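The structure appears below as structure tokens.
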Amino acid sequence: MSVVGPLAGRSIVVTRPQAQAAPLAEAIVAAGGTPIVFPLLEIAPAADPQPLAEAAARLAEYAVAAFVSPNAVEHALPVLLTHAAWPAGLLPAAVGQGTVKALAARGVTGCIAPTERFDSEALLALPELAAERVAGRRVAIFRGDGGRELLADTLRQRGATVDCITCYRRSGPSDGIAPLLSAWRQGRLDAITVSSSEGLRYLVDLLDAEGLVFLKATPLFVPHARIAENARALGLSNIVLTEAADAGLIAGLRAYNWLQ
């Protein structure tokens, strides 16, 4: 039986971390395509668990708890809720809607988050994080290692006391790039989806000269302007900027003119 759908005959690389890859992969299958799940970032608990344990012990002292990603929720929340329920006066905040859903799935509701752009700038634009609301108050930011400092720095400038708690660490793919090179050489890799600038840098660093030629010729679908900017800075030009999150990526893939 022949496969039908806008992505019929197309093999699309999904580079989200393994735990977040399934929804996009399933959407590609539903559109007739073949997903190649190749996480560019591997996620593991933080090397030092002590800062997270200390944050859990004083959770009720915070006015705002910001989570930068679903990974932050997955690795922080079980520890934070080990000894007590979520404090009634603690406002949860998230950079994206996926993080809001991850919090809600674990019983933490009432989260503030951007509704259009999903980044630190958009979160900082929310009225709940204005200077008059956070000055003199304590804020916790749960994140991975090496994250952007904009959120913490801006909240400190607004008068908040900010604790950044590393609750997970990221690393490049442990198995190397061979699976992608094999797919390229066999002519069965039509597009790559990338949702992390850091992951994209790992990809470029891993590729040899042959791989970079393949990458530059392959449409790169990204759901955020900052990732597109970073891709251009890395020498890539075959970039398709989509709307945010998995929904934006799958819409961009479905609408793409594969015959151009």
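Scheme for the structure tokens: letters A, B, ... for chains in order shown; per-chain residue numbers from 1; ligand numbers from 1 in order shown.
Excluding Glu210 (chain A) itself and any same-chain residue fewer than 3 positions from it, the protein and nucleic acid residues within 12 Å of it, counting only C-alpha atoms, are Ile177, Ala178, Leu180, Leu181, Ser182, Trp184, Arg185, Val204, Leu206, Leu207, Val213, Phe214, Leu215, Lys216 and Ala217 of chain A.
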Can you spit out the residues from that selection as a PDB file, in the first residue's frame, using N, CA and C atoms?
ATOM      1  N   ILE A 177      28.157  10.776  14.647  1.00  0.00           N
ATOM      2  CA  ILE A 177      27.319  11.259  13.556  1.00  0.00           C
ATOM      3  C   ILE A 177      27.072  10.211  12.476  1.00  0.00           C
ATOM      4  N   ALA A 178      27.622   9.003  12.636  1.00  0.00           N
ATOM      5  CA  ALA A 178      27.568   7.992  11.577  1.00  0.00           C
ATOM      6  C   ALA A 178      26.166   7.719  11.037  1.00  0.00           C
ATOM      7  N   LEU A 180      23.594   9.687  10.602  1.00  0.00           N
ATOM      8  CA  LEU A 180      23.176  10.735   9.665  1.00  0.00           C
ATOM      9  C   LEU A 180      23.978  10.662   8.375  1.00  0.00           C
ATOM     10  N   LEU A 181      25.296  10.461   8.487  1.00  0.00           N
ATOM     11  CA  LEU A 181      26.117  10.359   7.277  1.00  0.00           C
ATOM     12  C   LEU A 181      25.649   9.203   6.403  1.00  0.00           C
ATOM     13  N   SER A 182      25.304   8.092   7.023  1.00  0.00           N
ATOM     14  CA  SER A 182      24.818   6.943   6.259  1.00  0.00           C
ATOM     15  C   SER A 182      23.530   7.276   5.515  1.00  0.00           C
ATOM     16  N   TRP A 184      22.453  10.281   4.603  1.00  0.00           N
ATOM     17  CA  TRP A 184      22.768  11.222   3.525  1.00  0.00           C
ATOM     18  C   TRP A 184      23.348  10.496   2.313  1.00  0.00           C
ATOM     19  N   ARG A 185      24.304   9.615   2.560  1.00  0.00           N
ATOM     20  CA  ARG A 185      24.971   8.922   1.451  1.00  0.00           C
ATOM     21  C   ARG A 185      24.003   8.041   0.672  1.00  0.00           C
ATOM     22  N   VAL A 204      27.226  20.780  13.865  1.00  0.00           N
ATOM     23  CA  VAL A 204      28.247  21.350  12.985  1.00  0.00           C
ATOM     24  C   VAL A 204      29.643  20.914  13.421  1.00  0.00           C
ATOM     25  N   LEU A 206      30.482  18.199  14.905  1.00  0.00           N
ATOM     26  CA  LEU A 206      30.683  16.774  14.681  1.00  0.00           C
ATOM     27  C   LEU A 206      30.980  16.426  13.228  1.00  0.00           C
ATOM     28  N   LEU A 207      30.508  17.253  12.311  1.00  0.00           N
ATOM     29  CA  LEU A 207      30.587  16.915  10.890  1.00  0.00           C
ATOM     30  C   LEU A 207      31.964  17.198  10.312  1.00  0.00           C
ATOM     31  N   VAL A 213      29.022  19.538   3.672  1.00  0.00           N
ATOM     32  CA  VAL A 213      28.439  19.704   2.326  1.00  0.00           C
ATOM     33  C   VAL A 213      27.004  19.186   2.323  1.00  0.00           C
ATOM     34  N   PHE A 214      26.797  18.017   2.918  1.00  0.00           N
ATOM     35  CA  PHE A 214      25.438  17.462   3.011  1.00  0.00           C
ATOM     36  C   PHE A 214      24.526  18.416   3.788  1.00  0.00           C
ATOM     37  N   LEU A 215      25.014  18.892   4.940  1.00  0.00           N
ATOM     38  CA  LEU A 215      24.183  19.742   5.800  1.00  0.00           C
ATOM     39  C   LEU A 215      23.774  21.025   5.073  1.00  0.00           C
ATOM     40  N   LYS A 216      24.705  21.650   4.384  1.00  0.00           N
ATOM     41  CA  LYS A 216      24.406  22.914   3.711  1.00  0.00           C
ATOM     42  C   LYS A 216      23.384  22.733   2.587  1.00  0.00           C
ATOM     43  N   ALA A 217      23.287  21.531   2.061  1.00  0.00           N
ATOM     44  CA  ALA A 217      22.331  21.278   0.973  1.00  0.00           C
ATOM     45  C   ALA A 217      20.978  20.798   1.475  1.00  0.00           C
TER      46      ALA A 217
END
Using only C-alpha atoms, which residues sit within 10 Å of Tyr202 (chain A) once same-chain residues fewer than 3 positions away are excluded, as a PyMOL selection string?
chain A and resi 40-41+171-173+196-199+205-207
Just all heavy atoms for this one: save the residues we selected as a short mmCIF file (atom, residue, chain, number, x, y, z; two decimals), in the first residue's frame.
data_model
loop_
_atom_site.label_atom_id
_atom_site.label_comp_id
_atom_site.auth_asym_id
_atom_site.auth_seq_id
_atom_site.Cartn_x
_atom_site.Cartn_y
_atom_site.Cartn_z
N LEU A 40 20.32 15.50 19.24
CA LEU A 40 21.59 16.20 19.24
C LEU A 40 22.08 16.48 20.64
O LEU A 40 23.26 16.77 20.84
CB LEU A 40 21.47 17.53 18.47
CG LEU A 40 21.34 17.39 16.96
CD1 LEU A 40 21.15 18.76 16.32
CD2 LEU A 40 22.56 16.70 16.36
N LEU A 41 21.16 16.43 21.60
CA LEU A 41 21.53 16.66 23.00
C LEU A 41 21.07 15.49 23.84
O LEU A 41 19.92 15.06 23.74
CB LEU A 41 20.90 17.96 23.53
CG LEU A 41 21.39 19.26 22.93
CD1 LEU A 41 20.58 20.43 23.49
CD2 LEU A 41 22.87 19.48 23.20
N SER A 171 24.81 17.09 26.85
CA SER A 171 26.01 16.71 26.14
C SER A 171 25.64 16.31 24.72
O SER A 171 24.46 16.07 24.42
CB SER A 171 26.72 15.54 26.84
OG SER A 171 25.87 14.40 26.88
N GLY A 172 26.62 16.27 23.85
CA GLY A 172 26.36 15.89 22.47
C GLY A 172 26.08 14.40 22.35
O GLY A 172 26.21 13.64 23.31
N PRO A 173 25.66 13.96 21.15
CA PRO A 173 25.32 12.54 20.96
C PRO A 173 26.53 11.64 21.18
O PRO A 173 27.59 11.86 20.60
CB PRO A 173 24.83 12.49 19.50
CG PRO A 173 25.39 13.72 18.85
CD PRO A 173 25.48 14.75 19.93
N SER A 196 17.19 23.72 18.99
CA SER A 196 18.17 24.18 19.97
C SER A 196 19.40 24.69 19.26
O SER A 196 20.00 23.97 18.45
CB SER A 196 18.54 23.05 20.93
OG SER A 196 19.77 23.30 21.58
N SER A 197 19.80 25.92 19.57
CA SER A 197 21.04 26.45 19.00
C SER A 197 22.24 25.65 19.47
O SER A 197 23.19 25.41 18.71
CB SER A 197 21.21 27.93 19.40
OG SER A 197 20.22 28.73 18.80
N GLU A 198 22.21 25.22 20.71
CA GLU A 198 23.32 24.43 21.24
C GLU A 198 23.43 23.10 20.51
O GLU A 198 24.53 22.66 20.14
CB GLU A 198 23.13 24.19 22.73
CG GLU A 198 24.29 23.47 23.38
CD GLU A 198 24.10 23.27 24.88
OE1 GLU A 198 22.98 23.50 25.38
OE2 GLU A 198 25.08 22.90 25.55
N GLY A 199 22.30 22.45 20.26
CA GLY A 199 22.31 21.21 19.51
C GLY A 199 22.85 21.39 18.11
O GLY A 199 23.60 20.56 17.60
N ASP A 205 29.88 20.89 14.72
CA ASP A 205 31.20 20.50 15.23
C ASP A 205 31.50 19.03 14.94
O ASP A 205 32.67 18.65 14.75
CB ASP A 205 31.30 20.75 16.73
CG ASP A 205 31.36 22.24 17.07
OD1 ASP A 205 31.64 23.05 16.16
OD2 ASP A 205 31.13 22.58 18.25
N LEU A 206 30.48 18.20 14.91
CA LEU A 206 30.68 16.77 14.68
C LEU A 206 30.98 16.43 13.23
O LEU A 206 31.62 15.40 12.94
CB LEU A 206 29.44 16.00 15.13
CG LEU A 206 29.24 15.80 16.64
CD1 LEU A 206 27.83 15.29 16.90
CD2 LEU A 206 30.26 14.84 17.20
N LEU A 207 30.51 17.25 12.31
CA LEU A 207 30.59 16.91 10.89
C LEU A 207 31.96 17.20 10.31
O LEU A 207 32.60 18.21 10.62
CB LEU A 207 29.53 17.70 10.11
CG LEU A 207 28.07 17.31 10.38
CD1 LEU A 207 27.12 18.27 9.69
CD2 LEU A 207 27.79 15.88 9.93
#
Applying 9 Å and only C-alpha atoms, which residues near region 242-249 of chain A remain after dropping the ones on its own chain fewer than 3 positions away? List them as a list in words.
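My list of contacting residues is Pro23, Leu24, Ala27, Gly96, Gln97, Gly98, Glu116, Arg117, Phe118, Thr193, Ser195, Phe221, Val222, Pro223, His224, Ala225, Gly252, Leu253 and Arg254 of chain A.
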Using only C-alpha atoms: which of A:Thr161, A:Thr115, A:Asn71, A:Ser174 has the shortest distance to Asp145 (chain A)
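For Asp145 (chain A), the nearest of the candidates is A:Asn71.
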Judged by only C-alpha atoms, the minimum distance to Tyr168 (chain A) among A:Gly146, A:Asp190, A:Leu236, A:Ala131 is found for A:Gly146
Here is a test: counting only C-alpha atoms, which residue of A:Val14, A:Ala53, A:Leu150, A:Leu81 is nearest to Pro39 (chain A)?
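Of A:Val14, A:Ala53, A:Leu150, A:Leu81, the one nearest Pro39 (chain A), counting only C-alpha atoms, is A:Val14.
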According to DSSP computed on the backbone, where in region 17-226 of chain A is there strand (DSSP E or B)? Give the residues as a ChimeraX atom specification.
/A:34-37,42-45,64-67,91-94,112,138-144,161-171,191-193,220-222
Just list the residues in region 94-143 of chain A DSSP gives alpha helix (DSSP H) on the backbone, as a ChimeraX atom specification.
/A:97-105,120-124,131-134
For the residues in the current selection, export N, CA, C and O atoms as a PDB file, in the first residue's frame.
ATOM      1  N   GLN A  97       5.256  26.873  26.090  1.00  0.00           N
ATOM      2  CA  GLN A  97       4.015  26.162  26.418  1.00  0.00           C
ATOM      3  C   GLN A  97       4.248  24.687  26.715  1.00  0.00           C
ATOM      4  O   GLN A  97       3.493  24.075  27.481  1.00  0.00           O
ATOM      5  N   GLY A  98       5.289  24.098  26.151  1.00  0.00           N
ATOM      6  CA  GLY A  98       5.611  22.722  26.476  1.00  0.00           C
ATOM      7  C   GLY A  98       5.972  22.570  27.939  1.00  0.00           C
ATOM      8  O   GLY A  98       5.628  21.571  28.589  1.00  0.00           O
ATOM      9  N   THR A  99       6.643  23.589  28.476  1.00  0.00           N
ATOM     10  CA  THR A  99       7.008  23.577  29.893  1.00  0.00           C
ATOM     11  C   THR A  99       5.773  23.771  30.764  1.00  0.00           C
ATOM     12  O   THR A  99       5.652  23.151  31.826  1.00  0.00           O
ATOM     13  N   VAL A 100       4.854  24.620  30.325  1.00  0.00           N
ATOM     14  CA  VAL A 100       3.590  24.798  31.047  1.00  0.00           C
ATOM     15  C   VAL A 100       2.853  23.460  31.152  1.00  0.00           C
ATOM     16  O   VAL A 100       2.355  23.079  32.220  1.00  0.00           O
ATOM     17  N   LYS A 101       2.794  22.732  30.045  1.00  0.00           N
ATOM     18  CA  LYS A 101       2.108  21.435  30.039  1.00  0.00           C
ATOM     19  C   LYS A 101       2.813  20.432  30.941  1.00  0.00           C
ATOM     20  O   LYS A 101       2.161  19.637  31.629  1.00  0.00           O
ATOM     21  N   ALA A 102       4.158  20.466  30.947  1.00  0.00           N
ATOM     22  CA  ALA A 102       4.908  19.551  31.799  1.00  0.00           C
ATOM     23  C   ALA A 102       4.634  19.832  33.275  1.00  0.00           C
ATOM     24  O   ALA A 102       4.495  18.907  34.082  1.00  0.00           O
ATOM     25  N   LEU A 103       4.533  21.103  33.637  1.00  0.00           N
ATOM     26  CA  LEU A 103       4.197  21.466  35.015  1.00  0.00           C
ATOM     27  C   LEU A 103       2.779  21.035  35.359  1.00  0.00           C
ATOM     28  O   LEU A 103       2.537  20.447  36.429  1.00  0.00           O
ATOM     29  N   ALA A 104       1.839  21.309  34.465  1.00  0.00           N
ATOM     30  CA  ALA A 104       0.440  20.958  34.726  1.00  0.00           C
ATOM     31  C   ALA A 104       0.263  19.454  34.883  1.00  0.00           C
ATOM     32  O   ALA A 104      -0.538  18.996  35.702  1.00  0.00           O
ATOM     33  N   ALA A 105       1.033  18.684  34.098  1.00  0.00           N
ATOM     34  CA  ALA A 105       0.930  17.224  34.181  1.00  0.00           C
ATOM     35  C   ALA A 105       1.370  16.709  35.536  1.00  0.00           C
ATOM     36  O   ALA A 105       0.986  15.604  35.944  1.00  0.00           O
ATOM     37  N   SER A 120      13.406  33.957  26.648  1.00  0.00           N
ATOM     38  CA  SER A 120      13.562  34.726  27.884  1.00  0.00           C
ATOM     39  C   SER A 120      13.038  36.139  27.728  1.00  0.00           C
ATOM     40  O   SER A 120      12.439  36.712  28.658  1.00  0.00           O
ATOM     41  N   GLU A 121      13.260  36.742  26.547  1.00  0.00           N
ATOM     42  CA  GLU A 121      12.795  38.107  26.321  1.00  0.00           C
ATOM     43  C   GLU A 121      11.287  38.208  26.468  1.00  0.00           C
ATOM     44  O   GLU A 121      10.769  39.151  27.079  1.00  0.00           O
ATOM     45  N   ALA A 122      10.565  37.239  25.901  1.00  0.00           N
ATOM     46  CA  ALA A 122       9.102  37.266  25.974  1.00  0.00           C
ATOM     47  C   ALA A 122       8.620  37.015  27.396  1.00  0.00           C
ATOM     48  O   ALA A 122       7.644  37.628  27.848  1.00  0.00           O
ATOM     49  N   LEU A 123       9.304  36.135  28.121  1.00  0.00           N
ATOM     50  CA  LEU A 123       8.928  35.894  29.515  1.00  0.00           C
ATOM     51  C   LEU A 123       9.135  37.148  30.351  1.00  0.00           C
ATOM     52  O   LEU A 123       8.283  37.526  31.169  1.00  0.00           O
ATOM     53  N   LEU A 124      10.233  37.827  30.129  1.00  0.00           N
ATOM     54  CA  LEU A 124      10.532  39.045  30.882  1.00  0.00           C
ATOM     55  C   LEU A 124       9.558  40.173  30.585  1.00  0.00           C
ATOM     56  O   LEU A 124       9.417  41.105  31.385  1.00  0.00           O
ATOM     57  N   ALA A 131       9.582  45.216  37.133  1.00  0.00           N
ATOM     58  CA  ALA A 131      10.426  45.603  38.269  1.00  0.00           C
ATOM     59  C   ALA A 131       9.605  45.836  39.534  1.00  0.00           C
ATOM     60  O   ALA A 131       9.995  45.404  40.625  1.00  0.00           O
ATOM     61  N   GLU A 132       8.444  46.476  39.403  1.00  0.00           N
ATOM     62  CA  GLU A 132       7.647  46.787  40.595  1.00  0.00           C
ATOM     63  C   GLU A 132       7.050  45.527  41.235  1.00  0.00           C
ATOM     64  O   GLU A 132       6.619  45.554  42.388  1.00  0.00           O
ATOM     65  N   ARG A 133       7.046  44.407  40.490  1.00  0.00           N
ATOM     66  CA  ARG A 133       6.492  43.161  41.018  1.00  0.00           C
ATOM     67  C   ARG A 133       7.562  42.247  41.619  1.00  0.00           C
ATOM     68  O   ARG A 133       7.241  41.415  42.471  1.00  0.00           O
ATOM     69  N   VAL A 134       8.803  42.379  41.148  1.00  0.00           N
ATOM     70  CA  VAL A 134       9.836  41.430  41.605  1.00  0.00           C
ATOM     71  C   VAL A 134      10.885  42.067  42.506  1.00  0.00           C
ATOM     72  O   VAL A 134      11.650  41.355  43.167  1.00  0.00           O
TER      73      VAL A 134
END
Could you state the separation of CA of Ile227 (chain A) and CA of Leu151 (chain A) in Å, given to one decimal place?
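A separation of 17.7 Å between them.
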Among A:Cys164, A:Ile239, A:Arg10, A:Ile112, Glu128 (chain A) is approached most closely, using only C-alpha atoms, by A:Ile112
What's the 10 Å shell around Ala152 (chain A), counting only C-alpha atoms, without same-chain residues fewer than 4 positions away, as a list of chain:residue names?
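Residues near the query, excluding close chain neighbours: A:Ala66, A:Ser120, A:Leu124, A:Val139, A:Ala140, A:Ile141, A:Arg148, A:Arg156, A:Gln157, A:Arg158, A:Ala160, A:Thr161, A:Val162, A:Asp163, A:Cys164.
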Put those residues in a file: N, CA and C atoms, as an mmCIF file, in the first residue's frame.
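Final output, saved to again_5.cif:
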data_model
loop_
_atom_site.group_PDB
_atom_site.id
_atom_site.type_symbol
_atom_site.label_atom_id
_atom_site.label_comp_id
_atom_site.auth_asym_id
_atom_site.auth_seq_id
_atom_site.Cartn_x
_atom_site.Cartn_y
_atom_site.Cartn_z
ATOM 1 N N ALA A 66 10.959 29.897 38.004
ATOM 2 C CA ALA A 66 10.937 29.856 36.542
ATOM 3 C C ALA A 66 11.619 28.580 36.045
ATOM 4 N N SER A 120 13.406 33.957 26.648
ATOM 5 C CA SER A 120 13.562 34.726 27.884
ATOM 6 C C SER A 120 13.038 36.139 27.728
ATOM 7 N N LEU A 124 10.233 37.827 30.129
ATOM 8 C CA LEU A 124 10.532 39.045 30.882
ATOM 9 C C LEU A 124 9.558 40.173 30.585
ATOM 10 N N VAL A 139 13.693 34.911 43.483
ATOM 11 C CA VAL A 139 13.299 34.163 42.286
ATOM 12 C C VAL A 139 14.254 32.984 42.098
ATOM 13 N N ALA A 140 13.693 31.830 41.794
ATOM 14 C CA ALA A 140 14.494 30.648 41.451
ATOM 15 C C ALA A 140 14.350 30.374 39.959
ATOM 16 N N ILE A 141 15.462 30.092 39.305
ATOM 17 C CA ILE A 141 15.446 29.708 37.893
ATOM 18 C C ILE A 141 16.019 28.296 37.797
ATOM 19 N N ARG A 148 21.468 30.494 29.007
ATOM 20 C CA ARG A 148 21.588 31.948 28.842
ATOM 21 C C ARG A 148 21.440 32.641 30.190
ATOM 22 N N ARG A 156 17.716 40.488 38.181
ATOM 23 C CA ARG A 156 18.562 41.137 39.203
ATOM 24 C C ARG A 156 18.576 42.652 38.997
ATOM 25 N N GLN A 157 18.635 43.080 37.736
ATOM 26 C CA GLN A 157 18.586 44.517 37.460
ATOM 27 C C GLN A 157 17.270 45.126 37.931
ATOM 28 N N ARG A 158 16.224 44.323 37.950
ATOM 29 C CA ARG A 158 14.907 44.797 38.401
ATOM 30 C C ARG A 158 14.749 44.709 39.920
ATOM 31 N N ALA A 160 15.380 41.921 41.975
ATOM 32 C CA ALA A 160 15.111 40.611 42.568
ATOM 33 C C ALA A 160 16.409 39.954 43.024
ATOM 34 N N THR A 161 16.288 39.067 44.006
ATOM 35 C CA THR A 161 17.382 38.166 44.373
ATOM 36 C C THR A 161 17.155 36.868 43.617
ATOM 37 N N VAL A 162 18.116 36.490 42.776
ATOM 38 C CA VAL A 162 17.910 35.369 41.856
ATOM 39 C C VAL A 162 18.873 34.233 42.168
ATOM 40 N N ASP A 163 18.332 33.033 42.301
ATOM 41 C CA ASP A 163 19.126 31.816 42.434
ATOM 42 C C ASP A 163 18.953 30.990 41.165
ATOM 43 N N CYS A 164 20.045 30.696 40.491
ATOM 44 C CA CYS A 164 20.013 29.832 39.306
ATOM 45 C C CYS A 164 20.391 28.418 39.735
#
